[in-house]
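Enquirer: Data: run31.cif, mmCIF, C-alpha atoms.
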```
data_protein
#
loop_
_atom_site.label_atom_id
_atom_site.label_comp_id
_atom_site.auth_asym_id
_atom_site.auth_seq_id
_atom_site.Cartn_x
_atom_site.Cartn_y
_atom_site.Cartn_z
CA MET E 1 84.55 99.99 44.01
CA SER E 2 85.35 102.08 47.05
CA VAL E 3 83.78 101.13 50.36
CA GLU E 4 82.22 103.38 52.91
CA ARG E 5 84.45 103.45 55.99
CA TYR E 6 84.35 104.08 59.69
CA THR E 7 85.27 107.63 60.73
CA ARG E 8 88.96 108.32 61.28
CA THR E 9 88.35 108.69 65.00
CA ALA E 10 86.66 105.30 65.16
CA VAL E 11 89.48 103.71 63.14
CA LEU E 12 92.17 105.24 65.34
CA LEU E 13 90.43 104.17 68.54
CA HIS E 14 89.89 100.66 67.17
CA TRP E 15 93.54 100.09 66.36
CA LEU E 16 94.78 101.68 69.57
CA VAL E 17 92.62 99.33 71.60
CA ALA E 18 93.64 96.41 69.35
CA LEU E 19 97.31 97.12 69.99
CA LEU E 20 96.83 97.44 73.75
CA VAL E 21 94.63 94.38 74.09
CA LEU E 22 96.94 92.20 72.00
CA GLY E 23 99.84 93.28 74.20
CA LEU E 24 97.93 92.92 77.46
CA PHE E 25 96.95 89.27 76.89
CA PRO E 26 100.51 87.86 76.78
CA LEU E 27 101.74 90.32 79.42
CA GLY E 28 99.02 89.23 81.82
CA LEU E 29 99.67 85.53 81.22
CA TYR E 30 103.42 85.98 81.64
CA MET E 31 103.51 88.19 84.70
CA ALA E 32 100.98 86.25 86.78
CA ASP E 33 103.33 83.32 87.38
CA LEU E 34 106.50 85.33 88.06
CA PRO E 35 108.03 85.16 91.53
CA LEU E 36 107.87 88.49 93.40
CA SER E 37 110.56 90.86 92.11
CA PRO E 38 110.89 94.53 91.17
CA THR E 39 110.31 93.46 87.55
CA LYS E 40 107.04 91.82 88.53
CA LEU E 41 105.87 94.97 90.33
CA LYS E 42 106.77 97.03 87.27
CA LEU E 43 104.98 94.70 84.85
CA TYR E 44 101.88 94.64 87.05
CA SER E 45 101.84 98.42 87.09
CA TYR E 46 102.27 98.67 83.31
CA HIS E 47 99.51 96.10 82.88
CA LYS E 48 97.17 98.08 85.11
CA TRP E 49 97.99 101.37 83.41
CA ALA E 50 97.36 99.88 79.97
CA GLY E 51 94.18 98.17 81.20
CA VAL E 52 92.77 101.40 82.58
CA THR E 53 93.68 103.03 79.27
CA VAL E 54 91.65 100.39 77.42
CA PHE E 55 88.73 101.08 79.74
CA ALA E 56 88.96 104.83 79.03
CA LEU E 57 89.31 104.29 75.28
CA ALA E 58 86.36 101.87 75.32
CA LEU E 59 84.29 104.57 76.95
CA LEU E 60 85.31 107.03 74.23
CA ARG E 61 84.54 104.44 71.56
CA LEU E 62 81.10 103.79 72.99
CA LEU E 63 80.25 107.49 73.10
CA TRP E 64 81.56 107.95 69.57
CA ARG E 65 79.72 104.89 68.31
CA LEU E 66 76.41 106.15 69.73
CA ARG E 67 76.71 109.31 67.63
CA HIS E 68 78.25 107.87 64.50
CA ALA E 69 76.54 104.99 62.76
CA PRO E 70 79.00 102.43 61.39
CA PRO E 71 79.22 102.02 57.60
CA PRO E 72 76.91 99.37 56.15
CA LEU E 73 78.09 95.75 55.89
CA PRO E 74 78.56 94.38 52.36
CA ALA E 75 75.21 93.71 50.69
CA SER E 76 76.37 90.20 49.83
CA GLN E 77 76.51 89.20 53.49
CA PRO E 78 73.81 86.73 54.61
CA ALA E 79 71.50 87.75 57.41
CA TRP E 80 72.88 85.23 59.96
CA GLN E 81 76.37 86.62 59.46
CA ARG E 82 75.13 90.13 60.07
CA ARG E 83 73.45 89.01 63.25
CA ALA E 84 76.58 87.15 64.33
CA ALA E 85 78.77 90.17 63.56
CA HIS E 86 76.45 92.41 65.51
CA ALA E 87 76.35 90.12 68.52
CA GLY E 88 80.14 89.67 68.36
CA HIS E 89 80.78 93.41 68.34
CA LEU E 90 78.36 93.92 71.21
CA LEU E 91 80.22 91.27 73.22
CA LEU E 92 83.59 92.83 72.36
CA TYR E 93 82.35 96.10 73.81
CA GLY E 94 81.16 94.23 76.88
CA PHE E 95 84.58 92.67 77.40
CA MET E 96 86.40 95.97 76.84
CA PHE E 97 84.59 97.20 79.94
CA ALA E 98 84.24 94.03 81.99
CA VAL E 99 87.85 92.87 81.74
CA PRO E 100 89.55 96.06 82.97
CA LEU E 101 86.81 96.49 85.56
CA SER E 102 87.40 92.99 86.96
CA GLY E 103 91.13 93.74 87.20
CA TRP E 104 90.50 97.04 88.94
CA LEU E 105 88.12 95.36 91.41
CA MET E 106 90.63 92.55 92.04
CA SER E 107 93.40 95.03 92.75
CA SER E 108 91.12 96.97 95.03
CA ALA E 109 90.10 93.83 96.96
CA TYR E 110 93.77 92.89 97.41
CA GLY E 111 94.34 96.30 98.98
CA PHE E 112 96.26 97.84 96.10
CA THR E 113 94.91 101.10 94.81
CA THR E 114 95.28 101.41 91.04
CA VAL E 115 97.28 104.56 90.32
CA TRP E 116 97.06 105.35 86.60
CA PHE E 117 100.59 105.93 85.26
CA GLY E 118 101.71 106.23 88.89
CA VAL E 119 99.99 109.61 89.06
CA LEU E 120 96.21 109.38 89.12
CA PRO E 121 94.75 107.20 91.88
CA LEU E 122 91.51 105.47 90.94
CA PRO E 123 88.90 105.12 93.66
CA ASP E 124 88.98 101.80 95.51
CA LEU E 125 85.63 100.27 94.74
CA LEU E 126 85.99 97.52 97.34
CA ASP E 127 87.37 97.24 100.84
CA LYS E 128 90.40 95.04 101.33
CA ASN E 129 89.32 91.40 101.39
CA GLU E 130 91.84 88.81 100.28
CA ALA E 131 89.30 86.01 99.70
CA LEU E 132 87.29 88.31 97.45
CA GLY E 133 90.54 89.25 95.70
CA ASP E 134 91.24 85.56 95.00
CA ALA E 135 87.73 85.13 93.58
CA LEU E 136 88.06 88.22 91.38
CA LYS E 137 91.41 86.96 90.15
CA LEU E 138 89.61 83.90 88.75
CA VAL E 139 86.88 86.11 87.29
CA HIS E 140 89.54 88.27 85.60
CA ARG E 141 91.32 85.17 84.28
CA TYR E 142 88.23 83.48 82.81
CA LEU E 143 86.81 86.69 81.39
CA ASN E 144 90.13 87.07 79.61
CA TYR E 145 90.03 83.53 78.20
CA ALA E 146 86.59 84.30 76.77
CA PHE E 147 87.78 87.71 75.52
CA MET E 148 90.81 86.10 73.83
CA ALA E 149 88.58 83.54 72.10
CA LEU E 150 86.26 86.28 70.90
CA VAL E 151 89.15 88.45 69.67
CA ALA E 152 90.55 85.44 67.83
CA GLY E 153 87.16 84.91 66.18
CA HIS E 154 87.02 88.63 65.31
CA ILE E 155 90.43 88.47 63.63
CA LEU E 156 89.65 85.22 61.79
CA ALA E 157 86.38 86.71 60.52
CA ALA E 158 88.25 89.77 59.24
CA PHE E 159 90.75 87.51 57.41
CA LYS E 160 87.91 85.50 55.94
CA HIS E 161 86.29 88.66 54.58
CA GLN E 162 89.60 89.90 53.26
CA TRP E 163 90.96 86.78 51.62
CA ILE E 164 88.05 84.41 51.05
CA ASP E 165 85.00 86.61 50.52
CA ARG E 166 87.09 89.52 49.23
CA ASP E 167 84.18 91.84 50.06
CA GLY E 168 86.12 94.86 51.37
CA THR E 169 84.88 94.50 54.95
CA LEU E 170 88.34 95.10 56.43
CA ASP E 171 88.78 98.27 54.35
CA ARG E 172 86.02 99.82 56.42
CA MET E 173 88.42 99.82 59.35
CA SER E 174 91.43 100.94 57.33
CA TRP E 175 93.25 104.20 57.95
CA VAL E 176 94.33 104.74 54.35
CA LYS E 177 91.81 105.05 51.60
CA GLN E 178 92.16 102.16 49.22
CA GLU E 179 90.29 100.61 46.33
CA SER E 180 88.86 97.24 47.06
CA SER E 181 90.24 94.54 44.78
CA CYS E 182 86.78 93.06 44.39
CA MET U 1 95.76 134.57 156.01
CA LEU U 2 92.67 132.60 155.11
CA LYS U 3 93.32 133.24 151.45
CA ARG U 4 96.84 131.91 151.74
CA SER U 5 95.75 128.76 153.50
CA ILE U 6 93.19 128.13 150.79
CA VAL U 7 95.87 128.49 148.16
CA VAL U 8 98.08 126.05 150.06
CA LEU U 9 95.19 123.65 150.45
CA VAL U 10 94.33 123.79 146.77
CA LEU U 11 97.96 123.32 145.77
CA SER U 12 98.40 120.34 148.07
CA LEU U 13 95.22 118.82 146.68
CA CYS U 14 96.47 119.33 143.16
CA ALA U 15 99.90 117.91 143.80
CA PRO U 16 98.96 114.25 143.42
CA PHE U 17 97.23 115.01 140.12
CA VAL U 18 100.21 116.89 138.81
CA SER U 19 102.53 113.99 139.54
CA ALA U 20 99.90 111.57 138.15
CA ALA U 21 100.34 113.24 134.77
CA GLU U 22 103.29 111.02 134.06
CA TYR U 23 102.10 108.45 131.57
CA GLY U 24 103.63 105.10 130.89
CA LEU U 25 101.33 102.05 130.83
CA LEU U 26 100.48 101.03 127.29
CA VAL U 27 96.91 100.25 126.26
CA PRO U 28 97.77 97.83 123.43
CA GLU U 29 94.24 97.41 122.00
CA ARG U 30 94.10 101.07 121.08
CA SER U 31 97.71 101.56 120.14
CA ARG U 32 99.18 100.94 116.71
CA ILE U 33 102.48 100.93 114.88
CA ALA U 34 101.89 101.13 111.15
CA PHE U 35 103.76 102.12 108.02
CA THR U 36 103.14 103.06 104.42
CA SER U 37 105.39 101.74 101.70
CA LYS U 38 105.08 103.10 98.20
CA GLN U 39 105.30 100.61 95.33
CA MET U 40 105.30 102.06 91.81
CA GLY U 41 103.57 105.14 93.19
CA VAL U 42 100.96 103.06 95.02
CA PRO U 43 100.80 103.56 98.79
CA VAL U 44 100.47 100.22 100.60
CA GLU U 45 99.54 100.06 104.28
CA GLY U 46 101.33 97.75 106.66
CA GLU U 47 101.73 97.31 110.39
CA PHE U 48 103.62 95.60 113.18
CA LYS U 49 101.28 93.64 115.41
CA ARG U 50 103.55 92.91 118.38
CA TYR U 51 105.81 95.33 120.19
CA LYS U 52 106.91 96.26 123.68
CA VAL U 53 106.72 99.82 124.86
CA ASP U 54 108.51 101.27 127.86
CA VAL U 55 107.68 104.96 127.79
CA SER U 56 107.57 107.62 130.41
CA PHE U 57 106.11 110.96 129.44
CA ASP U 58 104.92 113.94 131.43
CA PRO U 59 103.66 116.80 129.25
CA GLN U 60 104.47 119.25 132.06
CA ARG U 61 108.06 118.06 132.25
CA PRO U 62 108.94 116.71 128.82
CA GLU U 63 112.66 116.75 129.64
CA THR U 64 112.10 113.73 131.91
CA GLY U 65 110.53 111.77 129.07
CA ARG U 66 112.15 108.65 127.73
CA ALA U 67 111.18 105.80 125.44
CA ARG U 68 112.17 102.29 124.50
CA ILE U 69 110.04 100.72 121.81
CA GLU U 70 110.92 97.19 120.74
CA VAL U 71 109.16 95.86 117.70
CA GLU U 72 108.92 92.13 117.01
CA VAL U 73 109.80 92.24 113.31
CA ASP U 74 108.22 88.85 112.60
CA SER U 75 104.83 90.34 113.45
CA ILE U 76 104.94 92.45 110.29
CA ASP U 77 102.00 92.60 107.92
CA ALA U 78 103.29 94.26 104.77
CA GLY U 79 99.93 94.33 103.04
CA SER U 80 99.82 91.12 101.00
CA LYS U 81 100.69 87.41 101.19
CA ASP U 82 103.51 87.73 98.66
CA ALA U 83 105.01 90.73 100.42
CA ASN U 84 104.77 89.08 103.83
CA ASP U 85 106.89 86.14 102.69
CA GLU U 86 109.33 88.43 100.92
CA VAL U 87 109.99 91.01 103.65
CA ARG U 88 110.98 88.36 106.21
CA SER U 89 113.76 87.14 103.94
CA LYS U 90 117.49 87.91 104.14
CA GLY U 91 117.47 90.79 101.67
CA TRP U 92 114.74 92.57 103.61
CA PHE U 93 114.40 92.31 107.41
CA ASP U 94 116.23 89.00 107.82
CA VAL U 95 113.96 88.30 110.79
CA LYS U 96 115.81 85.15 111.86
CA ARG U 97 119.03 87.07 112.52
CA PHE U 98 117.43 90.37 113.53
CA PRO U 99 114.14 89.61 115.30
CA VAL U 100 113.86 92.97 117.05
CA ALA U 101 113.90 96.55 115.80
CA ALA U 102 114.13 99.22 118.47
CA PHE U 103 113.76 102.92 119.03
CA VAL U 104 115.46 104.25 122.15
CA ALA U 105 115.32 107.80 123.47
CA GLU U 106 117.12 108.37 126.76
CA ALA U 107 115.84 110.72 129.48
CA GLY U 108 116.54 114.31 128.49
CA SER U 109 116.00 113.70 124.79
CA VAL U 110 112.43 114.97 124.62
CA ARG U 111 111.65 118.63 124.20
CA ALA U 112 108.52 120.72 123.80
CA LEU U 113 107.95 122.44 120.47
CA GLY U 114 105.01 124.52 121.65
CA GLY U 115 101.33 123.72 121.86
CA ASN U 116 100.81 119.99 121.97
CA ARG U 117 103.87 119.27 119.84
CA PHE U 118 107.03 117.59 121.06
CA GLU U 119 110.01 115.85 119.62
CA ALA U 120 112.21 113.01 120.79
CA ARG U 121 115.78 112.46 119.67
CA GLY U 122 116.80 108.88 119.77
CA LYS U 123 118.42 105.92 118.11
CA MET U 124 116.64 103.68 115.65
CA SER U 125 118.06 100.19 115.24
CA ILE U 126 116.87 97.91 112.47
CA LYS U 127 118.65 94.88 111.07
CA GLY U 128 121.72 95.55 113.19
CA ARG U 129 122.13 99.11 111.94
CA THR U 130 121.63 102.09 114.21
CA ARG U 131 120.89 105.66 113.20
CA ASP U 132 120.04 108.89 114.99
CA VAL U 133 116.48 109.97 114.34
CA VAL U 134 114.32 112.89 115.39
CA VAL U 135 110.73 111.88 116.05
CA PRO U 136 108.11 114.61 116.16
CA PHE U 137 104.91 113.71 118.00
CA THR U 138 101.78 115.22 119.42
CA TYR U 139 100.25 114.75 122.84
CA GLY U 140 96.53 114.51 123.40
CA THR U 141 94.22 112.97 125.94
CA GLU U 142 91.32 110.55 125.78
CA GLY U 143 89.68 110.46 129.20
CA THR U 144 92.44 109.80 131.70
CA GLU U 145 94.78 108.45 129.06
CA ALA U 146 97.44 110.13 126.98
CA VAL U 147 97.62 109.61 123.23
CA LEU U 148 101.03 110.12 121.65
CA GLU U 149 100.97 110.18 117.87
CA GLY U 150 103.78 110.72 115.48
CA SER U 151 105.84 109.45 112.64
CA ILE U 152 109.40 108.15 112.47
CA PRO U 153 111.04 109.09 109.19
CA ILE U 154 112.82 106.03 107.84
CA LEU U 155 114.83 105.58 104.67
CA ARG U 156 114.75 101.84 104.18
CA THR U 157 118.01 101.59 102.22
CA GLN U 158 119.93 103.11 105.16
CA TYR U 159 119.09 99.97 107.10
CA GLY U 160 119.60 97.54 104.23
CA ILE U 161 115.88 96.81 104.01
CA GLY U 162 115.43 95.58 100.46
CA GLU U 163 118.84 94.76 99.06
CA GLY U 164 120.04 93.80 95.59
CA ALA U 165 117.43 94.36 92.89
CA TRP U 166 115.05 95.67 95.54
CA SER U 167 117.32 98.62 96.33
CA ASP U 168 115.77 100.25 93.23
CA THR U 169 113.85 103.04 94.95
CA SER U 170 111.90 103.83 91.78
CA VAL U 171 109.99 100.60 92.39
CA VAL U 172 109.75 100.64 96.19
CA ALA U 173 110.26 104.15 97.57
CA ASP U 174 113.10 104.76 100.01
CA GLU U 175 110.89 106.68 102.43
CA VAL U 176 108.79 104.39 104.58
CA PRO U 177 107.31 106.56 107.31
CA VAL U 178 106.44 104.55 110.41
CA ARG U 179 103.43 106.00 112.19
CA PHE U 180 102.70 105.29 115.80
CA ARG U 181 99.77 105.88 118.06
CA LEU U 182 100.51 105.01 121.68
CA VAL U 183 97.71 105.17 124.22
CA LEU U 184 99.20 105.40 127.72
CA LYS U 185 97.67 105.25 131.17
CA PRO U 186 99.06 107.31 134.01
CA ARG U 187 101.67 105.44 136.02
#
```
The structure given in the file should be rewritten as structure tokens.
Expert:
Amino acid sequence: MSVERYTRTAVLLHWLVALLVLGLFPLGLYMADLPLSPTKLKLYSYHKWAGVTVFALALLRLLWRLRHAPPPLPASQPAWQRRAAHAGHLLLYGFMFAVPLSGWLMSSAYGFTTVWFGVLPLPDLLDKNEALGDALKLVHRYLNYAFMALVAGHILAAFKHQWIDRDGTLDRMSWVKQESSC
Amino acid sequence: MLKRSIVVLVLSLCAPFVSAAEYGLLVPERSRIAFTSKQMGVPVEGEFKRYKVDVSFDPQRPETGRARIEVEVDSIDAGSKDANDEVRSKGWFDVKRFPVAAFVAEAGSVRALGGNRFEARGKMSIKGRTRDVVVPFTYGTEGTEAVLEGSIPILRTQYGIGEGAWSDTSVVADEVPVRFRLVLKPR
């Protein structure tokens, strides 16, 4: 049987964000503890550029999602799983906005304007205040731990659908049209 | 006859004010020496908090102007905790060996550019290296005080500020303009 899928735009945006987020987690963890060096400054800039990109893509995704209803979940799925999936996706959207925003605010509080790709300066939402910067650094860190846990759950759930339930859920987010093996 | 004596009277009354237009006593609270470094395209503000200024400037006779500005390098605030530790180190300002950076313009080095614009030719010494620089500045007044504002063009690598890996100017730009605002009282 062939499953109904997300639109191509939605699929493309999903995987772009997935790629960026999965790269940003280890980059963020690695760079934070580096001693100051040109490499560190470069990595911080790349991290910020990619983070702002996630924020922009999340915005696009939200707008797209509001106009394009997602394909239905498999009929076999129990109601609690549907509710859990729905809540999980809502939270993922929340983190896609909150995590880059907390980084942007932190940078702003530390007195560093975020300049997207070294070209487009973002407005500084906060005045320079190092203590506030330190607090926002913690906020950014813990939001990311929660985001990572949620992303891990999201991926595990997809694997479960693919290999245990074999209900074609993952095919809904697939770029190429394929027949479900169910 | 009467007219002439009035003119003489007025001129003699004015004379003290004309000579009083030589400025030189710094008002530190309202003066500032700051700079902007650019890191990965991001401008970062910094400043030097302590400096000594020995300036003499008369807008009517700019050719008599001279300046000696000595900056206590250790008073630098480069914009963040990390940067403040780093820029004091050997590869940057090496503040232990070179505690003072100075700009010196001898008498005769200032000229008027028209309007309220002037320029001073002098020598900039940082980290034991000295270079000729031309410093454009403007003259304005606030009450009885003179306000001299301008910018000293500095290429950091010419002075060995940021050596080794830090000499990569694509990460930290070579140009670090140092802006000054000196508020001076008449001498």
Enquirer: Taking into account all atoms listed in the file, which residue in the set E:Leu101, E:Leu60, E:Leu91, E:Leu36 is nearest to chain U?
Expert: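 Going through E:Leu101, E:Leu60, E:Leu91, E:Leu36 one by one, the smallest distance to chain U is for E:Leu36.
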Enquirer: Translate the PyMOL selection byres ((chain U) within 7 of (chain E)) into a concrete residue list for this structure, as an MDAnalysis selection string.
Expert: chainID U and resid 40:42 44 82 165:166 171
Enquirer: Identify all residues satisfying the PyMOL selection byres ((chain U and resi 155) around 10) in the given file; provide them as number ranges by chain.
Expert: U: 152-154, 156-161, 173-177
Enquirer: Rounded to one decimal place, report the CA of Gly94 in chain E-CA of Arg61 in chain E distance in Å.
Expert: 12.0 Å
Enquirer: When you draw a straight line from CA of Ala32 in chain E to CA of Lys81 in chain U, how long is it in Å?
Expert: 14.5 Å
Enquirer: Assuming the chain letters and numbering stay as they are in my file, what does the PyMOL selection byres ((chain E and resi 29) around 12) actually select? List them as number ranges by chain.
Expert: E: 22-28, 30-34, 43-44, 47, 140-142, 144-145, 148
Enquirer: I need every residue sitting at most 7 Å from the point (105.3, 98.5, 106.3) (coordinates as in the file, all atoms listed in the file considered), written as a ChimeraX atom specification.
Expert: /U:34-37,45-47,77-78
Enquirer: Closest to Gly122 in chain U among U:Arg61, U:Arg66, U:Arg187, U:Arg32, using only C-alpha atoms?
Expert: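 Closest candidate: U:Arg66.
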Enquirer: Identify which of the residues U:Leu148, U:Ile76, U:Ala67, U:Ala83 lies closest to Gly162 in chain U, counting only C-alpha atoms when measuring atom-to-atom distances.
Expert: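 When distances to Gly162 in chain U are compared using only C-alpha atoms, the smallest one comes from U:Ala83.
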Enquirer: Have a look at U:Leu26, U:Thr130, U:Gly108, U:Gln39 and name the one nearest to Thr169 in chain U; count all atoms listed in the file.
Expert: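 Closest to Thr169 in chain U, using all atoms listed in the file: U:Gln39.
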Enquirer: Which is closest to Leu25 in chain U among U:Asp54, U:Glu149, U:Glu106, U:Glu72, if we use only C-alpha atoms?
Expert: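 So, comparing all the options, the nearest one is U:Asp54.
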Enquirer: I'd like the neighbourhood of Asp165 in chain E as a PyMOL selection string, where a residue qualifies if any of its atoms comes within 10 Å (using only C-alpha atoms), though same-chain residues fewer than 5 positions away should be ignored.
Expert: chain E and resi 76-77+158-160+182
Enquirer: At a cut-off of 10 Å around the point (79.9, 99.1, 76.3) (file coordinates), what residues fall inside when counting all atoms listed in the file? I'd like the answer as a VMD selection string.
Expert: chain E and resid 55 58 to 63 65 89 to 98
Enquirer: Could you work out how far CA of Leu182 in chain U lies from CA of Asp127 in chain E, giving the answer in Å with one decimal?
Expert: 25.8 Å
Enquirer: Counting all atoms listed in the file, which residue out of U:Ser75, U:Ser167, U:Asn116, U:Gln60 sits closest to Val147 in chain U?
Expert: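 Checking each candidate against Val147 in chain U, we get U:Asn116 as the closest.
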Enquirer: Using only C-alpha atoms, which protein or nucleic acid residues come within 7 Å of Leu125 in chain E? Drop anything in the same chain fewer than 2 positions from it, and give the result as a ChimeraX atom specification.
Expert: /E:105,108,123
Enquirer: Excluding Leu73 in chain E and any residue of its chain fewer than 4 positions from it, enumerate the residues within 12 Å of it, using only C-alpha atoms, and give them as an MDAnalysis selection string.
Expert: chainID E and resid 3:6 69 77:79 81:83 85:86 161 167:173
Enquirer: Can I get the selected residues back with C-alpha atoms, as an mmCIF file, keeping the file's coordinate frame?
Expert:
```
data_model
loop_
_atom_site.group_PDB
_atom_site.id
_atom_site.type_symbol
_atom_site.label_atom_id
_atom_site.label_comp_id
_atom_site.auth_asym_id
_atom_site.auth_seq_id
_atom_site.Cartn_x
_atom_site.Cartn_y
_atom_site.Cartn_z
ATOM 1 C CA VAL E 3 83.780 101.130 50.360
ATOM 2 C CA GLU E 4 82.220 103.380 52.910
ATOM 3 C CA ARG E 5 84.450 103.450 55.990
ATOM 4 C CA TYR E 6 84.350 104.080 59.690
ATOM 5 C CA ALA E 69 76.540 104.990 62.760
ATOM 6 C CA GLN E 77 76.510 89.200 53.490
ATOM 7 C CA PRO E 78 73.810 86.730 54.610
ATOM 8 C CA ALA E 79 71.500 87.750 57.410
ATOM 9 C CA GLN E 81 76.370 86.620 59.460
ATOM 10 C CA ARG E 82 75.130 90.130 60.070
ATOM 11 C CA ARG E 83 73.450 89.010 63.250
ATOM 12 C CA ALA E 85 78.770 90.170 63.560
ATOM 13 C CA HIS E 86 76.450 92.410 65.510
ATOM 14 C CA HIS E 161 86.290 88.660 54.580
ATOM 15 C CA ASP E 167 84.180 91.840 50.060
ATOM 16 C CA GLY E 168 86.120 94.860 51.370
ATOM 17 C CA THR E 169 84.880 94.500 54.950
ATOM 18 C CA LEU E 170 88.340 95.100 56.430
ATOM 19 C CA ASP E 171 88.780 98.270 54.350
ATOM 20 C CA ARG E 172 86.020 99.820 56.420
ATOM 21 C CA MET E 173 88.420 99.820 59.350
#
```
Enquirer: Please provide the set of residues having any atom within 7 Å of Arg121 in chain U, restricted to only C-alpha atoms, with same-chain residues fewer than 3 positions apart removed, written as a PyMOL selection string.
Expert: chain U and resi 105+109-110+133-135
Enquirer: I'd like the box whose edges run along x, y and z of the file and which contains every listed atom of range 59-74 of chain E, padded by 8 Å per side; could you state its centre and edge lengths in Å, one decimal, as JSON?
Expert:
```
{"center_x": 80.9, "center_y": 101.8, "center_z": 64.7, "size_x": 24.9, "size_y": 30.9, "size_z": 40.6}
```
Enquirer: Can you complete the atoms of range 113-128 of chain U to N, CA and C atoms and list them as a compact mmCIF listing (two decimals), in the frame of the given file?
Expert:
```txt
# COMPACT_ATOMS: atom_id res chain seq x y z
N LEU U 113 107.83 121.57 121.64
CA LEU U 113 107.95 122.44 120.47
C LEU U 113 106.89 123.52 120.50
N GLY U 114 106.10 123.55 121.57
CA GLY U 114 105.01 124.52 121.65
C GLY U 114 103.69 123.86 121.36
N GLY U 115 102.64 124.33 122.03
CA GLY U 115 101.33 123.72 121.86
C GLY U 115 101.38 122.29 122.35
N ASN U 116 100.80 121.39 121.55
CA ASN U 116 100.81 119.99 121.97
C ASN U 116 101.87 119.19 121.21
N ARG U 117 102.85 119.94 120.66
CA ARG U 117 103.87 119.27 119.84
C ARG U 117 105.17 119.10 120.62
N PHE U 118 105.76 117.93 120.41
CA PHE U 118 107.03 117.59 121.06
C PHE U 118 107.91 116.89 120.06
N GLU U 119 109.18 116.72 120.44
CA GLU U 119 110.01 115.85 119.62
C GLU U 119 110.98 115.07 120.51
N ALA U 120 111.28 113.86 120.06
CA ALA U 120 112.21 113.01 120.79
C ALA U 120 113.39 112.71 119.88
N ARG U 121 114.60 112.85 120.42
CA ARG U 121 115.78 112.46 119.67
C ARG U 121 116.24 111.12 120.20
N GLY U 122 116.42 110.19 119.29
CA GLY U 122 116.80 108.88 119.77
C GLY U 122 117.52 108.07 118.72
N LYS U 123 117.70 106.80 119.02
CA LYS U 123 118.42 105.92 118.11
C LYS U 123 117.47 104.84 117.60
N MET U 124 117.48 104.70 116.29
CA MET U 124 116.64 103.68 115.65
C MET U 124 117.56 102.55 115.21
N SER U 125 117.25 101.35 115.65
CA SER U 125 118.06 100.19 115.24
C SER U 125 117.19 99.20 114.50
N ILE U 126 117.57 98.92 113.26
CA ILE U 126 116.87 97.91 112.47
C ILE U 126 117.94 97.08 111.77
N LYS U 127 117.77 95.79 111.80
CA LYS U 127 118.65 94.88 111.07
C LYS U 127 120.12 95.13 111.44
N GLY U 128 120.35 95.40 112.72
CA GLY U 128 121.72 95.55 113.19
C GLY U 128 122.36 96.89 112.86
```
